[in-house]
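Inspection log for the structure reproduced underneath, given as structure tokens.
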2 protein chains.
Amino acid sequence: MYSAEGDGGMDGLATPAAEVAPGRRTVTQRAIEQIKQMIAAGELRPGQRLPTERDLAAQLGLSRSSMREAIRALTVLGVLQARHGSGIYVTELGAGDLLETFGLMAEVVRGEQLLELLQVRRLLEPTATAMAAARITEPELAEVERHLLAMEDTDDPEELLTEDLAFHRAVVAAAGNPTLAAIVEGLSSRTFRARLGRGRQEPGVFAQVRKDHARIHRALAARDPEAARAAAAVHIAEVEDWLRAHMDDWR
Amino acid sequence: MYSAEGDGGMDGLATPAAEVAPGRRTVTQRAIEQIKQMIAAGELRPGQRLPTERDLAAQLGLSRSSMREAIRALTVLGVLQARHGSGIYVTELGAGDLLETFGLMAEVVRGEQLLELLQVRRLLEPTATAMAAARITEPELAEVERHLLAMEDTDDPEELLTEDLAFHRAVVAAAGNPTLAAIVEGLSSRTFRARLGRGRQEPGVFAQVRKDHARIHRALAARDPEAARAAAAVHIAEVEDWLRAHMDDWR
DNA sequence: TGCAGCACATTGGTCTGACCATTGAGGTGG
DNA sequence: CCACCTCAATGGTCAGACCAATGTGCTGCA
């Protein structure tokens, strides 16, 4: 749409390191690109501390204000982390760090896109659950069971939501792919489900969720991937149906 | 005049809309949250123009510098868009806008996580391709074919990469789920594949890619979802195998 | 009358320099 | 030897100035 073109590959420099960045529009954008590239090139390692804002600004040739904007940008993107009084550090660059922003979509989006989002989850979570069934360990299974039981022991909607989320998180975490887990996590963010949850307080819904979770847990305990996949698929399909029926509320 | 008296929780406003945000650490973080919430609450609609930086800063009670950091943050997150000399606008909040940052992960990540990323793609793209086969239109199919032929007509690695990306983009776009398309797009970002591509220039590889693409195209033309799914799965599995074999290069 | 083109107010982009608040290391005294 | 204090380093915030792109309205020529 608006994204002009991209970086033309015109500069045939020897690229001493990674301090070169094409003429982006703003100096801040350039700084973002430069730091990003330093990380991509491995010059900055996870956990490593960067120079101070003042030094960085001097090195890259811009003012501290603009450098701060660049740092802020990389901070919200989960690449950097600033500690007041201490310094600026590269995050661990784990899936959790980098995909934290993924949940934003679930917070802001409306209407049709909510369905699209749920559809993606329907593609991922059943498979993730099946993967979990194939490799889940006893402690992981116990964790899943813990949240299953906690959810059966309470009727407080708030706590139910918390345990519901924790249950799914525990299941997907057992799939052994942290990146996948972080993505699914973003698709099921608290905000997202809270939005869905409004008016979903009918007892029948909760009972159904509990049954679904129990079925998923049984499949995991039996190490039966296909049963797990099916159970997860049914669970999500129910949410999807419900959302489709109540779509008008967000139009 | 910022140290005045500290923000006591004394203001018992009727909370006119969504201008309340808990005591985040920094004023900038608070501003980010406030603007985000205004959008989530529907007070700011897609495409709408915001007040000027100066006015916004005054309204939310912080300096222009800090407000600029907040705006920069929401800009890189794909929520806002600043136009020099014109103003600040809410983006269309489309999947493309909000998931642009998703590609960052492919740029920065290394080692094991590359495999995790590719595994997620393996979960999504075959299904997306199958969906496309079930509903692709003639113009969309023509677009796919165009990139298929373009890729067979050139041997320039750069152009091959471009057409390779465009081919996949066209296929996934035909699946009818823009959110899914944006996610897969992020998983296959140019940077990512460029990194993979280094040393992947052996003619045999290109020939294989061309055959895979042709197979996918045939399945789409035949409107055969399962054949399409299989063709896409094979294609990705090949990349995955190659990466697994050459992992050491990024360790 | 119509429209090309200039002038200028608006608004984002950048810089400078100051001060505040937190952190952590090094020194001090019990 | 350790608790405590002091203080330099460093991120967080603010203020005000100027630059640069934009868009609008007025001017003046055809």
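Quick note on naming: the chains in the structure tokens go A, B, ... in the order shown, residues restart at 1 in each chain, and ligands are numbered from 1 in order of appearance.
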
Select from range 27-103 of chain A everything DSSP, run on the backbone, classes as strand (DSSP E or B), then give the selection as a VMD selection string.
chain A and resid 49 80 to 83 87 to 90

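Using only C-alpha atoms (C1' of nucleotides), one finds that the residues of chain C close to chain B, at 9 Å or less, are DT10, DT11, DG12, DG13 and DC20 of chain C.
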
Write out, as a PDB file, in the first residue's frame, the residues just selected, with C-alpha atoms (C1' of nucleotides).
ATOM      1  C1'  DT C  10       0.712  23.942  10.246  1.00  0.00           C
ATOM      2  C1'  DT C  11       2.900  19.925  11.792  1.00  0.00           C
ATOM      3  C1'  DG C  12       6.171  16.216  12.205  1.00  0.00           C
ATOM      4  C1'  DG C  13      11.552  15.671  12.682  1.00  0.00           C
ATOM      5  C1'  DC C  20      15.241  14.184  38.134  1.00  0.00           C
TER       6       DC C  20
END

Pull out every residue of chain B that has at least one atom within 6 Å of chain A, counting only C-alpha atoms, and report them as a list in words. Ala40, Glu69, Ala73, Val108, Glu116 and Thr179 of chain B

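Once chain B is fitted onto chain A using all Cα atoms matched in sequence order, the root-mean-square deviation is 4.7 Å.
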
Can you list, as a PyMOL selection string, all residues belonging to range 86-147 of chain A that DSSP tags as helix (DSSP H, G or I)?
-> chain A and resi 95-98+100-108+112-135+138-147

key: Contacts of Met151 in chain B at 9 Å (only C-alpha atoms (C1' of nucleotides); same-chain gap of 5+ positions) as a ChimeraX atom specification   = /B:146,159-164,167,210

Requested write-out: all heavy atoms of the selected residues, as an mmCIF file, in the first residue's frame:
data_model
loop_
_atom_site.group_PDB
_atom_site.id
_atom_site.type_symbol
_atom_site.label_atom_id
_atom_site.label_comp_id
_atom_site.auth_asym_id
_atom_site.auth_seq_id
_atom_site.Cartn_x
_atom_site.Cartn_y
_atom_site.Cartn_z
ATOM 1 N N ARG B 146 1.864 -16.341 -13.215
ATOM 2 C CA ARG B 146 2.778 -15.305 -13.688
ATOM 3 C C ARG B 146 4.127 -15.418 -12.958
ATOM 4 O O ARG B 146 5.188 -15.394 -13.569
ATOM 5 C CB ARG B 146 2.150 -13.933 -13.427
ATOM 6 C CG ARG B 146 2.684 -12.822 -14.303
ATOM 7 C CD ARG B 146 1.775 -11.593 -14.232
ATOM 8 N NE ARG B 146 1.719 -11.012 -12.894
ATOM 9 C CZ ARG B 146 2.716 -10.305 -12.356
ATOM 10 N NH1 ARG B 146 3.829 -10.137 -13.045
ATOM 11 N NH2 ARG B 146 2.603 -9.795 -11.147
ATOM 12 N N GLU B 159 16.547 -12.041 -8.500
ATOM 13 C CA GLU B 159 15.202 -12.044 -9.070
ATOM 14 C C GLU B 159 14.472 -13.349 -8.743
ATOM 15 O O GLU B 159 13.269 -13.360 -8.509
ATOM 16 C CB GLU B 159 15.299 -11.856 -10.593
ATOM 17 C CG GLU B 159 13.965 -11.517 -11.242
ATOM 18 C CD GLU B 159 14.126 -11.263 -12.730
ATOM 19 O OE1 GLU B 159 15.279 -11.029 -13.166
ATOM 20 O OE2 GLU B 159 13.117 -11.314 -13.449
ATOM 21 N N LEU B 160 15.234 -14.414 -8.698
ATOM 22 C CA LEU B 160 14.629 -15.692 -8.332
ATOM 23 C C LEU B 160 14.007 -15.613 -6.946
ATOM 24 O O LEU B 160 12.883 -16.053 -6.722
ATOM 25 C CB LEU B 160 15.705 -16.799 -8.352
ATOM 26 C CG LEU B 160 15.985 -17.409 -9.721
ATOM 27 C CD1 LEU B 160 17.210 -18.303 -9.659
ATOM 28 C CD2 LEU B 160 14.773 -18.219 -10.166
ATOM 29 N N LEU B 161 14.759 -15.008 -6.047
ATOM 30 C CA LEU B 161 14.260 -14.881 -4.678
ATOM 31 C C LEU B 161 12.992 -14.046 -4.651
ATOM 32 O O LEU B 161 12.003 -14.398 -3.994
ATOM 33 C CB LEU B 161 15.343 -14.245 -3.793
ATOM 34 C CG LEU B 161 14.960 -14.017 -2.334
ATOM 35 C CD1 LEU B 161 14.584 -15.333 -1.669
ATOM 36 C CD2 LEU B 161 16.109 -13.361 -1.592
ATOM 37 N N THR B 162 13.011 -12.948 -5.387
ATOM 38 C CA THR B 162 11.840 -12.070 -5.449
ATOM 39 C C THR B 162 10.613 -12.824 -5.942
ATOM 40 O O THR B 162 9.533 -12.748 -5.353
ATOM 41 C CB THR B 162 12.121 -10.874 -6.372
ATOM 42 O OG1 THR B 162 13.257 -10.164 -5.882
ATOM 43 C CG2 THR B 162 10.928 -9.945 -6.432
ATOM 44 N N GLU B 163 10.810 -13.560 -7.028
ATOM 45 C CA GLU B 163 9.679 -14.272 -7.619
ATOM 46 C C GLU B 163 9.237 -15.437 -6.735
ATOM 47 O O GLU B 163 8.061 -15.757 -6.655
ATOM 48 C CB GLU B 163 10.047 -14.767 -9.020
ATOM 49 C CG GLU B 163 10.266 -13.648 -10.031
ATOM 50 C CD GLU B 163 9.015 -12.792 -10.212
ATOM 51 O OE1 GLU B 163 7.907 -13.314 -9.991
ATOM 52 O OE2 GLU B 163 9.145 -11.605 -10.555
ATOM 53 N N ASP B 164 10.203 -16.051 -6.085
ATOM 54 C CA ASP B 164 9.877 -17.131 -5.158
ATOM 55 C C ASP B 164 8.936 -16.608 -4.079
ATOM 56 O O ASP B 164 7.877 -17.185 -3.802
ATOM 57 C CB ASP B 164 11.189 -17.657 -4.538
ATOM 58 C CG ASP B 164 10.955 -18.866 -3.667
ATOM 59 O OD1 ASP B 164 9.808 -19.361 -3.631
ATOM 60 O OD2 ASP B 164 11.913 -19.321 -3.016
ATOM 61 N N PHE B 167 5.527 -15.703 -5.459
ATOM 62 C CA PHE B 167 4.731 -16.900 -5.731
ATOM 63 C C PHE B 167 3.988 -17.343 -4.463
ATOM 64 O O PHE B 167 2.768 -17.519 -4.458
ATOM 65 C CB PHE B 167 5.647 -18.018 -6.227
ATOM 66 C CG PHE B 167 4.948 -19.322 -6.487
ATOM 67 C CD1 PHE B 167 4.352 -19.574 -7.712
ATOM 68 C CD2 PHE B 167 4.885 -20.299 -5.501
ATOM 69 C CE1 PHE B 167 3.706 -20.781 -7.951
ATOM 70 C CE2 PHE B 167 4.230 -21.512 -5.731
ATOM 71 C CZ PHE B 167 3.643 -21.746 -6.955
ATOM 72 N N ARG B 210 11.702 -25.045 -8.598
ATOM 73 C CA ARG B 210 10.815 -24.842 -9.747
ATOM 74 C C ARG B 210 9.833 -26.002 -9.904
ATOM 75 O O ARG B 210 8.652 -25.812 -10.152
ATOM 76 C CB ARG B 210 11.649 -24.707 -11.030
ATOM 77 C CG ARG B 210 12.401 -23.384 -11.123
ATOM 78 C CD ARG B 210 12.932 -23.176 -12.546
ATOM 79 N NE ARG B 210 13.688 -21.935 -12.673
ATOM 80 C CZ ARG B 210 15.011 -21.870 -12.751
ATOM 81 N NH1 ARG B 210 15.738 -22.976 -12.689
ATOM 82 N NH2 ARG B 210 15.609 -20.705 -12.869
#

Can you list every residue of chain D that has an atom at most 12 Å from chain B, with its nearest atom pair and the distance in Å to one decimal, using only C-alpha atoms (C1' of nucleotides), ordered by chain then number, as a Markdown table?
| residue | atom | partner | partner_atom | distance |
| --- | --- | --- | --- | --- |
| D:DG11 | C1' | B:Thr26 | CA | 10.9 |
| D:DG12 | C1' | B:Thr26 | CA | 7.5 |
| D:DT13 | C1' | B:Ser66 | CA | 7.2 |
| D:DC14 | C1' | B:Ser63 | CA | 6.0 |
| D:DA15 | C1' | B:Ser63 | CA | 8.3 |
| D:DG16 | C1' | B:Arg64 | CA | 10.9 |
| D:DC19 | C1' | B:Gly85 | CA | 11.9 |
| D:DA20 | C1' | B:Gly85 | CA | 8.2 |
| D:DA21 | C1' | B:Gly85 | CA | 5.0 |
| D:DT22 | C1' | B:Gly85 | CA | 4.4 |
| D:DG23 | C1' | B:Ser86 | CA | 7.7 |
| D:DT24 | C1' | B:Ser86 | CA | 11.7 |

**Asked** Excluding same-chain residues fewer than 2 positions from DC6 in chain C, what lies within 10 Å of it counting only C-alpha atoms (C1' of nucleotides), as a PyMOL selection string?
**Response** (chain C and resi 4+8) or (chain D and resi 26-28)
